[in-house]
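Reviewing the structure listed below.
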Amino acid sequence: MNVGFAMCGSFCTYASVFPVMELLTRDYRVTPIFSIASNCIDSRFGSAPEHRTLAEEICGTPPLTTIDQVEPIGPKKLFDALIIAPCTGNTLAKLAHGIADGPVTMAAKSHLRNERPVVVAVSTNDALAGAAENIGRLLVRKHYYFVPFGQDDARNKPTSMVADFTKIPQTLEAALEGRQIQPILL
């Protein structure tokens, strides 16, 4: 089975996300996809070139980083499932409103034309504020499946939520069967 693994710019989660990507390569052929931010921005959590290199080492193929590279995902039916981890509030908003202006959102749009699952692993500081509406929109849409998520620091960041990235494999398996794992909220 072929899986796309799209990464957005929640850099603080990368240390938790990359091990899951590596775990998935045991059972799936994984192709990394980087958002514009993940492809270009260096942060205190590492540089963009370091992240691209790590993804390539894990998956054995360089990340797809442009709209031109991801557009064939749908027409060529390249993936059985697409994972977006971490999925930022910005990406949630674009997905909820049908905006495909970057590699990750175009990958999702192209992939969804085949009615195949998109697994979303939320990581946003405004999940219980501005992003809540967009999470709700995607929860009721066909072919979107959420990795269970919860507040990551309720005292200091009361609207922030993050997925339990260790549950990506379990969520993926259920999504491939057309099921949402429960509970969604941790």
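Lettering and numbering for the structure tokens are positional, with chains as A, B, ... in the shown order, residues counted from 1 in each chain, and ligands counted from 1 in the shown order.
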Got a sec: who's within 8 Å of A:Pro62, counting only C-alpha atoms, leaving out chain neighbours fewer than 3 positions off, as a PDB file with N, CA and C atoms, in the first residue's frame?
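After the write, selection_21.pdb holds the following:
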ATOM      1  N   THR A  31       5.485   8.239   0.983  1.00  0.00           N
ATOM      2  CA  THR A  31       6.030   9.371   0.230  1.00  0.00           C
ATOM      3  C   THR A  31       5.829  10.636   1.045  1.00  0.00           C
ATOM      4  N   PRO A  32       6.911  11.325   1.418  1.00  0.00           N
ATOM      5  CA  PRO A  32       6.755  12.561   2.177  1.00  0.00           C
ATOM      6  C   PRO A  32       6.324  13.721   1.277  1.00  0.00           C
ATOM      7  N   ARG A  52      14.021  17.912   5.483  1.00  0.00           N
ATOM      8  CA  ARG A  52      13.868  17.254   4.173  1.00  0.00           C
ATOM      9  C   ARG A  52      14.775  16.035   4.075  1.00  0.00           C
ATOM     10  N   THR A  53      16.005  16.180   4.532  1.00  0.00           N
ATOM     11  CA  THR A  53      16.959  15.071   4.492  1.00  0.00           C
ATOM     12  C   THR A  53      16.480  13.905   5.350  1.00  0.00           C
ATOM     13  N   ALA A  55      13.370  13.161   6.228  1.00  0.00           N
ATOM     14  CA  ALA A  55      12.219  12.533   5.564  1.00  0.00           C
ATOM     15  C   ALA A  55      12.677  11.637   4.415  1.00  0.00           C
ATOM     16  N   GLU A  56      13.644  12.102   3.653  1.00  0.00           N
ATOM     17  CA  GLU A  56      14.153  11.299   2.537  1.00  0.00           C
ATOM     18  C   GLU A  56      14.856  10.043   3.039  1.00  0.00           C
ATOM     19  N   CYS A  59      12.019   7.633   4.250  1.00  0.00           N
ATOM     20  CA  CYS A  59      11.109   7.119   3.220  1.00  0.00           C
ATOM     21  C   CYS A  59      11.811   6.603   1.970  1.00  0.00           C
TER      22      CYS A  59
END
(request) With a distance cut-off of 12 Å and only C-alpha atoms, select the neighbouring residues of A:Leu186, excluding the residue or stretch itself and same-chain residues fewer than 5 positions from it, and output the selection as a PyMOL selection string. (result) chain A and resi 146-152+161-164+167+181
(message) With DSSP run on the backbone, what are the strand (DSSP E or B) residues within stretch 6-93 of chain A? I'd like them as a VMD selection string.
(response) chain A and resid 6 to 7 29 to 34 43 46 64 81 to 87
(request) Could you tell me which of A:Thr61, A:Thr25, A:Asn156, A:Ser16 comes closest to A:Phe45 if we count only C-alpha atoms? (result) A:Ser16
(message) Please determine, counting only C-alpha atoms, which residue among A:Leu92, A:Gly102, A:Ser43, A:Pro86 has the shortest atom-to-atom distance to A:Asp68.
(response)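 Looking only at the distances to A:Asp68, the closest residue turns out to be A:Gly102.
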(message) As an exercise, work out the distance from atom CA of A:Pro63 to atom CA of A:Phe34 in Å and give it to one decimal place.
(response)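 Atom-to-atom, atom CA of A:Pro63 to atom CA of A:Phe34, that is 6.2 Å.
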